[in-house]
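Visitor: My questions will all concern the structure given below.
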Amino acid sequence: MTARSFTFDQFVDLHGQAKASPRQRQHLNIHASHEAPFQRLFIAFGLDSYVRPHRHHLVPKDETLIAAQGLLGVLVFDDAGQVVQKLKLGTERHAAPGVGPVVDMPAGTWHTVLALTSDAVLLEGKAGPFDPLGPREFAEWAPEEGTAEALVLLREWRGLFG
């Protein structure tokens with residue numbers, strides 16, 4: 001087994017793939033398989049990438065979010081869809097009051113992530129294994145990805161961050 005290095009050039013490539021994707025985001029898995037006990041991946045976000053609010057409650061898993069590049073927004077919601085917490089997640093280059101490099105998301109918490117800069121890359125880690133056919137817990141109060149309503153809501157959320 002050999003150590004792996006990830007470079008900023010890879011993030012540039014990842015962003016190119018994200019821009020070509022209808023979802024405006026692209027994953028780069030660090031873990032070797034869906035069966036790995038610790039799932040780690042980089043996610044490049046375009047500014048128009050909408051992540052439908054979701055939670056990990058049926059299969060409880062805490063999630064750790066780390067800014068690898070750029071600036072991201074993390075929103076936490078109550079069960080009715082009201083924003084109860086607004087967090088800025090960024091690298092040292094974006095250091096400012098209220099901006100931190102890491103967010104720890106407890107299992108069962110409704111949340112979403114959005115890019116606040118065009119170069120945003122997130123490192124996500126959570127317990128495995130990952131079942132791509134497993135239960136999904138998307139918020140019924142939030143529009144589905146790919147809809148005009150989702151894009152309007154994403155822009156409204158971005159406005160919360162100034």
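Lettering and numbering for the structure tokens are positional, with chains as A, B, ... in the shown order, residues counted from 1 in each chain, and ligands counted from 1 in the shown order.
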What are the DSSP helix (DSSP H, G or I) residues of stretch 16-96 of chain A, as a list of chain:residue names?
Guide: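 Answer for stretch 16-96 of chain A, restricted to helix (DSSP H, G or I): A:Gly16, A:Gln17, A:Ala18, A:Lys19, A:Ala20, A:Glu92, A:Arg93, A:His94.
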Visitor: Could you please take those selected residues and save all heavy atoms as an mmCIF file, in the first residue's frame?
Guide:
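What landed in again.cif:
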data_model
loop_
_atom_site.group_PDB
_atom_site.id
_atom_site.type_symbol
_atom_site.label_atom_id
_atom_site.label_comp_id
_atom_site.auth_asym_id
_atom_site.auth_seq_id
_atom_site.Cartn_x
_atom_site.Cartn_y
_atom_site.Cartn_z
ATOM 1 N N GLY A 16 -13.553 21.292 -13.503
ATOM 2 C CA GLY A 16 -13.915 21.169 -14.914
ATOM 3 C C GLY A 16 -14.996 20.118 -15.114
ATOM 4 O O GLY A 16 -15.948 20.323 -15.879
ATOM 5 N N GLN A 17 -14.876 19.007 -14.411
ATOM 6 C CA GLN A 17 -15.890 17.951 -14.487
ATOM 7 C C GLN A 17 -17.211 18.421 -13.872
ATOM 8 O O GLN A 17 -18.290 18.111 -14.385
ATOM 9 C CB GLN A 17 -15.401 16.696 -13.772
ATOM 10 C CG GLN A 17 -14.214 16.028 -14.443
ATOM 11 C CD GLN A 17 -13.639 14.935 -13.571
ATOM 12 O OE1 GLN A 17 -14.354 14.198 -12.904
ATOM 13 N NE2 GLN A 17 -12.314 14.831 -13.556
ATOM 14 N N ALA A 18 -17.122 19.175 -12.769
ATOM 15 C CA ALA A 18 -18.335 19.687 -12.126
ATOM 16 C C ALA A 18 -19.089 20.629 -13.060
ATOM 17 O O ALA A 18 -20.316 20.552 -13.175
ATOM 18 C CB ALA A 18 -17.985 20.398 -10.822
ATOM 19 N N LYS A 19 -18.349 21.499 -13.744
ATOM 20 C CA LYS A 19 -19.000 22.453 -14.662
ATOM 21 C C LYS A 19 -19.707 21.737 -15.805
ATOM 22 O O LYS A 19 -20.713 22.219 -16.311
ATOM 23 C CB LYS A 19 -17.975 23.444 -15.198
ATOM 24 C CG LYS A 19 -17.543 24.447 -14.156
ATOM 25 C CD LYS A 19 -16.486 25.390 -14.679
ATOM 26 C CE LYS A 19 -16.037 26.305 -13.542
ATOM 27 N NZ LYS A 19 -14.884 27.098 -13.872
ATOM 28 N N ALA A 20 -19.191 20.579 -16.203
ATOM 29 C CA ALA A 20 -19.797 19.811 -17.288
ATOM 30 C C ALA A 20 -20.957 18.942 -16.810
ATOM 31 O O ALA A 20 -21.672 18.364 -17.625
ATOM 32 C CB ALA A 20 -18.733 18.932 -17.954
ATOM 33 N N GLU A 92 -7.930 28.907 5.131
ATOM 34 C CA GLU A 92 -7.281 30.024 5.821
ATOM 35 C C GLU A 92 -7.314 31.302 4.985
ATOM 36 O O GLU A 92 -7.399 32.405 5.519
ATOM 37 C CB GLU A 92 -5.845 29.642 6.167
ATOM 38 C CG GLU A 92 -5.161 30.657 7.048
ATOM 39 C CD GLU A 92 -3.785 30.203 7.502
ATOM 40 O OE1 GLU A 92 -3.299 29.175 7.019
ATOM 41 O OE2 GLU A 92 -3.205 30.903 8.336
ATOM 42 N N ARG A 93 -7.268 31.155 3.660
ATOM 43 C CA ARG A 93 -7.327 32.321 2.778
ATOM 44 C C ARG A 93 -8.611 33.126 2.987
ATOM 45 O O ARG A 93 -8.659 34.321 2.736
ATOM 46 C CB ARG A 93 -7.220 31.849 1.319
ATOM 47 C CG ARG A 93 -7.134 32.979 0.323
ATOM 48 C CD ARG A 93 -6.986 32.464 -1.089
ATOM 49 N NE ARG A 93 -8.169 32.885 -1.811
ATOM 50 C CZ ARG A 93 -8.730 32.237 -2.781
ATOM 51 N NH1 ARG A 93 -8.246 31.099 -3.185
ATOM 52 N NH2 ARG A 93 -9.788 32.711 -3.376
ATOM 53 N N HIS A 94 -9.645 32.462 3.466
ATOM 54 C CA HIS A 94 -10.939 33.113 3.689
ATOM 55 C C HIS A 94 -11.190 33.402 5.166
ATOM 56 O O HIS A 94 -12.328 33.649 5.563
ATOM 57 C CB HIS A 94 -12.064 32.246 3.123
ATOM 58 C CG HIS A 94 -11.984 32.082 1.643
ATOM 59 N ND1 HIS A 94 -12.378 33.065 0.767
ATOM 60 C CD2 HIS A 94 -11.494 31.076 0.888
ATOM 61 C CE1 HIS A 94 -12.167 32.652 -0.472
ATOM 62 N NE2 HIS A 94 -11.627 31.461 -0.419
#
Visitor: DSSP on the backbone: what in stretch 14-54 of chain A comes out strand (DSSP E), as number ranges by chain?
Guide: A: 25-29, 38-45
Visitor: Hey, which of A:Glu63, A:Val51, A:Phe11, A:His111 ends up closest to A:Gly128? Count only C-alpha atoms.
Guide: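 Smallest distance to A:Gly128 is found for A:Glu63.
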Visitor: So that I can see what lies close to A:Arg40, please list as an NGL selection string the residues with an atom at most 10 Å from it, counting only C-alpha atoms and leaving out residues fewer than 6 positions away in the same chain.
Guide: :A and (28-32 or 64-65 or 123-128)
Visitor: From the options A:Arg136, A:Thr147, A:Leu122, A:Thr112, which residue's atoms come nearest to A:His27, counting only C-alpha atoms?
Guide: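 Using only C-alpha atoms, the shortest distance to A:His27 belongs to A:Leu122.
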Visitor: Can you pull out every residue within 12 Å of A:Gln10, counting only C-alpha atoms, but drop anything in the same chain fewer than 4 positions away, and send it as a VMD selection string?
Guide: chain A and resid 5 to 6 14 to 17 26 to 28 42 to 44 68 to 69 121
Visitor: Restricting the calculation to only C-alpha atoms, which member of A:Leu160, A:Leu151, A:Val59, A:Ala3 is positioned closest to A:Val83?
Guide: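 Counting only C-alpha atoms, the residue closest to A:Val83 is A:Leu160.
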Visitor: Which neighbours of A:Gly73 fall inside 9 Å, counting only C-alpha atoms, when residues of the same chain fewer than 2 positions from it are skipped, and could you give them as a ChimeraX atom specification?
Guide: /A:71,75,86-90,112-116,157-158,161
Visitor: Generate the output file for the selected residues, N, CA and C atoms, as an mmCIF file, in the first residue's frame.
Guide:
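File produced: part_32.cif:
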data_model
loop_
_atom_site.group_PDB
_atom_site.id
_atom_site.type_symbol
_atom_site.label_atom_id
_atom_site.label_comp_id
_atom_site.auth_asym_id
_atom_site.auth_seq_id
_atom_site.Cartn_x
_atom_site.Cartn_y
_atom_site.Cartn_z
ATOM 1 N N LEU A 71 -14.597 28.814 -0.310
ATOM 2 C CA LEU A 71 -15.514 29.173 0.771
ATOM 3 C C LEU A 71 -16.865 28.532 0.480
ATOM 4 N N LEU A 75 -25.933 25.222 5.862
ATOM 5 C CA LEU A 75 -27.169 25.607 6.540
ATOM 6 C C LEU A 75 -27.734 24.398 7.272
ATOM 7 N N LYS A 86 -26.393 28.964 10.466
ATOM 8 C CA LYS A 86 -25.735 29.365 9.224
ATOM 9 C C LYS A 86 -24.244 29.389 9.511
ATOM 10 N N LEU A 87 -23.482 28.556 8.817
ATOM 11 C CA LEU A 87 -22.050 28.424 9.076
ATOM 12 C C LEU A 87 -21.261 28.672 7.804
ATOM 13 N N LYS A 88 -20.151 29.407 7.934
ATOM 14 C CA LYS A 88 -19.236 29.582 6.807
ATOM 15 C C LYS A 88 -18.061 28.646 7.005
ATOM 16 N N LEU A 89 -17.759 27.919 5.968
ATOM 17 C CA LEU A 89 -16.701 26.916 5.990
ATOM 18 C C LEU A 89 -15.678 27.327 4.948
ATOM 19 N N GLY A 90 -14.454 27.615 5.378
ATOM 20 C CA GLY A 90 -13.467 28.091 4.415
ATOM 21 C C GLY A 90 -12.047 27.787 4.824
ATOM 22 N N THR A 112 -27.647 21.364 4.379
ATOM 23 C CA THR A 112 -27.222 21.480 2.994
ATOM 24 C C THR A 112 -25.889 22.208 2.972
ATOM 25 N N VAL A 113 -25.210 22.102 1.827
ATOM 26 C CA VAL A 113 -23.932 22.780 1.604
ATOM 27 C C VAL A 113 -24.023 23.496 0.265
ATOM 28 N N LEU A 114 -23.475 24.711 0.195
ATOM 29 C CA LEU A 114 -23.463 25.438 -1.067
ATOM 30 C C LEU A 114 -22.148 26.184 -1.225
ATOM 31 N N ALA A 115 -21.744 26.341 -2.471
ATOM 32 C CA ALA A 115 -20.515 27.075 -2.782
ATOM 33 C C ALA A 115 -20.766 28.565 -2.633
ATOM 34 N N LEU A 116 -19.820 29.246 -1.997
ATOM 35 C CA LEU A 116 -19.850 30.702 -1.918
ATOM 36 C C LEU A 116 -18.776 31.320 -2.792
ATOM 37 N N TRP A 157 -30.627 31.212 -0.486
ATOM 38 C CA TRP A 157 -29.707 30.774 0.561
ATOM 39 C C TRP A 157 -28.363 31.489 0.480
ATOM 40 N N ARG A 158 -27.845 31.640 -0.747
ATOM 41 C CA ARG A 158 -26.563 32.326 -0.906
ATOM 42 C C ARG A 158 -26.653 33.753 -0.355
ATOM 43 N N PHE A 161 -25.723 34.639 3.224
ATOM 44 C CA PHE A 161 -24.311 34.746 3.580
ATOM 45 C C PHE A 161 -23.698 36.084 3.170
#
Visitor: Pick out the closest residue to A:Asp9 from this set: A:Val103, A:Pro129, A:Asp119, A:Pro22. Count only C-alpha atoms.
Guide: A:Asp119
Visitor: Go through A:Gly108, A:Gly159, A:Pro132, A:Pro37 one by one, measure the shortest atom-to-atom distance of each to A:Asp79 using only C-alpha atoms, and give the residue with the smallest value.
Guide: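 Under the stated criterion, the closest residue is A:Gly108.
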Visitor: Counting only C-alpha atoms, which residue out of A:Val12, A:Arg25, A:Val102, A:Phe130 sits closest to A:Lys61?
Guide: A:Phe130
